[in-house]
Structure formats: C-alpha cells, structure tokens
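Single-structure report; data block below.
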Amino acid sequence: MKKFLILMISVGILSCANNKTEQVSTIKIKDEKAQKISKMMESYVNNNFDSSIISEDAKIKFNQLEMTKTDFENLVITHHAMFNEISFPEGWMETVNYIGADVKNAGGKYADDYGSTWTSHWSDWTAVSKISGDTISNHCFFGYKWENDKIVEVSAIFPDEAFNKELAMFMEANKK
C-alpha cells in the first residue's frame, strides 16, 4: 500500500509538472473591433463614411490595387456616384489574436504576424448601377489588421470584373 501511495503521489507531481499550457490563438465573434467595422461599413452604405478607425498611414489593398486612406475615402464617393441601393450587410465577422507555436513556426511573412490581431469580414456587396441599371453583387472578404484601436492594414478580396466594367462606363460617361 505504501508503494502504491508513493506511486500515486509521484504520478500526480509529474503530471502537474508537465501540465504547461501553451498560449493559443483566440477567436471572438462580433466583438468590439467587429462592431466598430460594422459601424464604419454602415456609414459607407449611408454615404457618410467615417474612417476614423483607420490609421492615416494604413496599407490598403483591394485585390491588386493599393491605395491610401484618402484614396479609400474617395472610392466611397465614387461608389455613390456610380451606384444606387448600395448594400453591404454585416455578414460574418470574427477577430483573431494570432499567438501560439503554430503561428510562430509558420515561416515566412506569416511568422512575422505572430501576436497580431485581425478581424475577418465575409459579406456580399450589392448595388444598382446608375449607368447600366444592372444589379451587381460581389461576395467579398475583408481582413483588417489592428494595432491598438486603429486599423493599420486592410486587405480586400472580391471579384471585380463587373465593377470594372461599370467603372469604365462611368468614366466614359463623365469625360469632359
């Protein structure tokens, strides 16, 4: 019995010693950061765009098009000149704080994002062209990288063929 008791105590001590918890990434749904993005995108739809959560020197990329914060703000003005009935629902948003060995050991540029926080946003943008009258709908993804309470990077991915066609018609119609 004494040997059994010593064995149980040893197993208990060893299991406590080996029970280190590694930090892991966390995912939050509709958290404070996602709510701030929802308000910003609502202001976009309502044509009173509030980009105050985006840092002045943010890196913004829509597919292959890189732009400044001012370019982004001007794009909103262009959208409202080109389209009626713009819709950009909240969709699905989640904020991830990337930590843990899996991220640290990812390699390349992904390892450089160890400790970063991103809000991912999946939605469907829809609008009616003022030129052609066509309804355009694009399934899209936006990634927003945060530092403190500011967005420092925006990466948007969406099909842009229909939009580019409308943009070309808009530019042609507005030549002077």
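Letters A, B, ... mark the chains of the structure tokens in the order given; residue numbers begin at 1 per chain; ligand numbers begin at 1, in order shown.
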- Query: Got a sec to tell me which of range 42-131 of chain A DSSP assigns to helix (DSSP H, G or I), as a list in words?
  - Reply: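 Listing helix (DSSP H, G or I) positions across range 42-131 of chain A yields Glu42, Ser43, Tyr44, Val45, Lys69, Thr70, Asp71, Phe72, Glu73, Asn74, Leu75, Val76, Ile77, Thr78, His79, His80, Ala81, Met82, Ala101, Asp102, Val103, Lys104, Gly108, Lys109, Tyr110 and Ala111 of chain A.
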- Task: Taking the chain letters and numbering used in this document, name the residues of chain A that DSSP puts in strand (DSSP E or B), as a ChimeraX atom specification.
- Result: /A:26-29,54-62,65-67,83-87,92-97,117-129,135-147,150-157
- Message: Neighbouring residues of Met82 in chain A were defined as those with any atom within 8 Å, considering only C-alpha atoms; residues of the same chain fewer than 3 positions away were excluded. Please report them as a PyMOL selection string.
- Response: chain A and resi 78-79+129-131+166-167+170
Print the selection's residues with N, CA and C atoms to a file, as a compact mmCIF listing (two decimals), in the first residue's frame.
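As a result, result-v3.txt now contains:
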```txt
# COMPACT_ATOMS: atom_id res chain seq x y z
N THR A 78 -16.88 57.82 -55.09
CA THR A 78 -17.07 57.29 -56.45
C THR A 78 -18.16 56.22 -56.47
N HIS A 79 -18.16 55.32 -55.48
CA HIS A 79 -19.20 54.29 -55.41
C HIS A 79 -20.59 54.92 -55.40
N SER A 129 -26.37 49.83 -60.68
CA SER A 129 -25.61 50.80 -61.47
C SER A 129 -26.50 51.94 -61.94
N LYS A 130 -26.00 53.18 -61.80
CA LYS A 130 -26.70 54.35 -62.32
C LYS A 130 -26.53 54.46 -63.83
N ILE A 131 -25.55 53.77 -64.40
CA ILE A 131 -25.27 53.83 -65.83
C ILE A 131 -26.07 52.75 -66.57
N GLU A 166 -18.46 48.52 -65.02
CA GLU A 166 -19.27 49.69 -64.66
C GLU A 166 -18.39 50.93 -64.51
N LEU A 167 -17.21 50.77 -63.95
CA LEU A 167 -16.30 51.90 -63.77
C LEU A 167 -15.88 52.47 -65.12
N PHE A 170 -18.74 54.41 -66.44
CA PHE A 170 -18.87 55.64 -65.65
C PHE A 170 -17.83 56.67 -66.10
```
- Task: Find the spatial neighbours of Asn138 in chain A, counting only C-alpha atoms, within a cut-off of 9 Å - ignore same-chain residues fewer than 6 positions away - and output them as a PyMOL selection string.
- Result: chain A and resi 123-126+158-160+162-163
- Query: Which is closest to Gly143 in chain A among A:His80, A:Asn164, A:Asp57, A:Ala34, if we use only C-alpha atoms?
  - Reply: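 Among the listed residues, the smallest separation from Gly143 in chain A belongs to A:Ala34.
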- Task: Considering only C-alpha atoms, return as a PyMOL selection string whatever protein or nucleic-acid residues lie within 12 Å of Gly91 in chain A, sequence-local ones (same chain, fewer than 2 positions apart) excluded.
- Result: chain A and resi 29-30+34-35+37-38+41-42+87-89+93-94+120-125+139-142
Can you write just those residues out, N, CA and C atoms, as a tab-separated table (two decimals), in the first residue's frame?
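In the end it all went to part.tsv:
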```
chain	number	residue	atom	x	y	z
A	29	ILE	N	-16.28	36.41	-31.81
A	29	ILE	CA	-17.31	36.70	-32.81
A	29	ILE	C	-18.07	37.95	-32.36
A	30	LYS	N	-18.24	38.89	-33.30
A	30	LYS	CA	-18.98	40.14	-33.03
A	30	LYS	C	-18.45	40.86	-31.79
A	34	ALA	N	-15.11	44.16	-34.26
A	34	ALA	CA	-16.07	43.86	-35.33
A	34	ALA	C	-17.21	44.87	-35.32
A	35	GLN	N	-17.65	45.27	-34.16
A	35	GLN	CA	-18.73	46.26	-34.07
A	35	GLN	C	-18.29	47.61	-34.63
A	37	ILE	N	-16.10	48.01	-37.04
A	37	ILE	CA	-16.09	47.83	-38.50
A	37	ILE	C	-17.53	47.88	-39.03
A	38	SER	N	-18.46	47.25	-38.33
A	38	SER	CA	-19.87	47.30	-38.74
A	38	SER	C	-20.35	48.74	-38.84
A	41	MET	N	-18.78	50.41	-41.93
A	41	MET	CA	-19.38	49.97	-43.18
A	41	MET	C	-20.83	50.46	-43.31
A	42	GLU	N	-21.51	50.61	-42.21
A	42	GLU	CA	-22.85	51.21	-42.24
A	42	GLU	C	-22.75	52.67	-42.71
A	87	SER	N	-25.71	48.02	-50.81
A	87	SER	CA	-25.96	47.17	-49.65
A	87	SER	C	-24.65	46.46	-49.30
A	88	PHE	N	-24.31	46.49	-48.03
A	88	PHE	CA	-23.13	45.78	-47.56
A	88	PHE	C	-23.44	45.27	-46.15
A	89	PRO	N	-24.16	44.13	-46.08
A	89	PRO	CA	-24.58	43.62	-44.77
A	89	PRO	C	-23.40	43.26	-43.88
A	93	MET	N	-18.31	38.15	-39.08
A	93	MET	CA	-17.06	38.77	-38.64
A	93	MET	C	-16.52	38.04	-37.43
A	94	GLU	N	-15.20	37.87	-37.45
A	94	GLU	CA	-14.53	37.29	-36.30
A	94	GLU	C	-13.17	37.96	-36.15
A	120	SER	N	-11.67	39.43	-39.54
A	120	SER	CA	-12.05	38.93	-40.86
A	120	SER	C	-13.53	39.20	-41.06
A	121	HIS	N	-13.88	39.62	-42.29
A	121	HIS	CA	-15.25	40.02	-42.59
A	121	HIS	C	-15.65	39.42	-43.94
A	122	TRP	N	-16.65	38.55	-43.92
A	122	TRP	CA	-17.20	37.97	-45.15
A	122	TRP	C	-18.58	38.55	-45.35
A	123	SER	N	-18.87	39.02	-46.54
A	123	SER	CA	-20.17	39.62	-46.81
A	123	SER	C	-20.45	39.61	-48.31
A	124	ASP	N	-21.61	40.15	-48.67
A	124	ASP	CA	-21.99	40.29	-50.07
A	124	ASP	C	-22.34	41.75	-50.33
A	125	TRP	N	-21.54	42.39	-51.17
A	125	TRP	CA	-21.78	43.78	-51.57
A	125	TRP	C	-22.71	43.75	-52.78
A	139	HIS	N	-19.51	38.64	-53.72
A	139	HIS	CA	-19.13	38.03	-52.46
A	139	HIS	C	-17.73	38.53	-52.16
A	140	CYS	N	-17.49	39.01	-50.95
A	140	CYS	CA	-16.18	39.61	-50.68
A	140	CYS	C	-15.66	39.23	-49.29
A	141	PHE	N	-14.36	39.37	-49.18
A	141	PHE	CA	-13.66	39.15	-47.92
A	141	PHE	C	-12.82	40.38	-47.63
A	142	PHE	N	-12.90	40.87	-46.41
A	142	PHE	CA	-12.04	41.96	-45.94
A	142	PHE	C	-11.30	41.47	-44.70
```
- Query: To one decimal place, how far is CA of Asn148 in chain A from CA of Gly115 in chain A in Å?
  - Reply: 12.0 Å
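CA of Ala168 in chain A is positioned 27.0 Å from CA of Asp50 in chain A.
Our summary of the geometry notes that CA of Glu56 in chain A is positioned 16.8 Å from CA of Lys36 in chain A.
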- Quick one: everything within 8 Å of Glu153 in chain A, counting only C-alpha atoms, minus sequence neighbours fewer than 2 positions away in the same chain. Send it as a PyMOL selection string. chain A and resi 58-60+143-146+151+155
- Message: I need the residue nearest Ser132 in chain A from this list: A:Thr119, A:Asn97, A:Asn48, A:Asn84. Use only C-alpha atoms for the distance.
- Response: A:Asn84
Excluding Tyr98 in chain A and any residue of its chain fewer than 2 positions from it, enumerate the residues within 8 Å of it, using only C-alpha atoms, and give them as a PDB file with C-alpha atoms, in the first residue's frame.
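result34.pdb, freshly written:
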```
ATOM      1  CA  VAL A  24      -3.116  29.660 -28.327  1.00  0.00           C
ATOM      2  CA  SER A  25      -4.865  31.963 -30.762  1.00  0.00           C
ATOM      3  CA  THR A  26      -8.231  33.305 -29.659  1.00  0.00           C
ATOM      4  CA  VAL A  96      -8.450  36.553 -34.103  1.00  0.00           C
ATOM      5  CA  GLY A 100       0.967  30.145 -30.172  1.00  0.00           C
ATOM      6  CA  VAL A 103       1.814  30.806 -35.762  1.00  0.00           C
ATOM      7  CA  ASP A 113       2.371  38.296 -37.798  1.00  0.00           C
ATOM      8  CA  TYR A 114       2.851  36.443 -34.518  1.00  0.00           C
ATOM      9  CA  GLY A 115       0.914  38.382 -31.884  1.00  0.00           C
ATOM     10  CA  SER A 116      -1.138  40.378 -34.400  1.00  0.00           C
ATOM     11  CA  THR A 117      -4.891  40.853 -34.292  1.00  0.00           C
TER      12      THR A 117
END
```
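Proximity of A:Ser43, A:Gln23, A:Ser52, A:Asn174 to Thr70 in chain A, computed with only C-alpha atoms, is greatest for A:Ser52.
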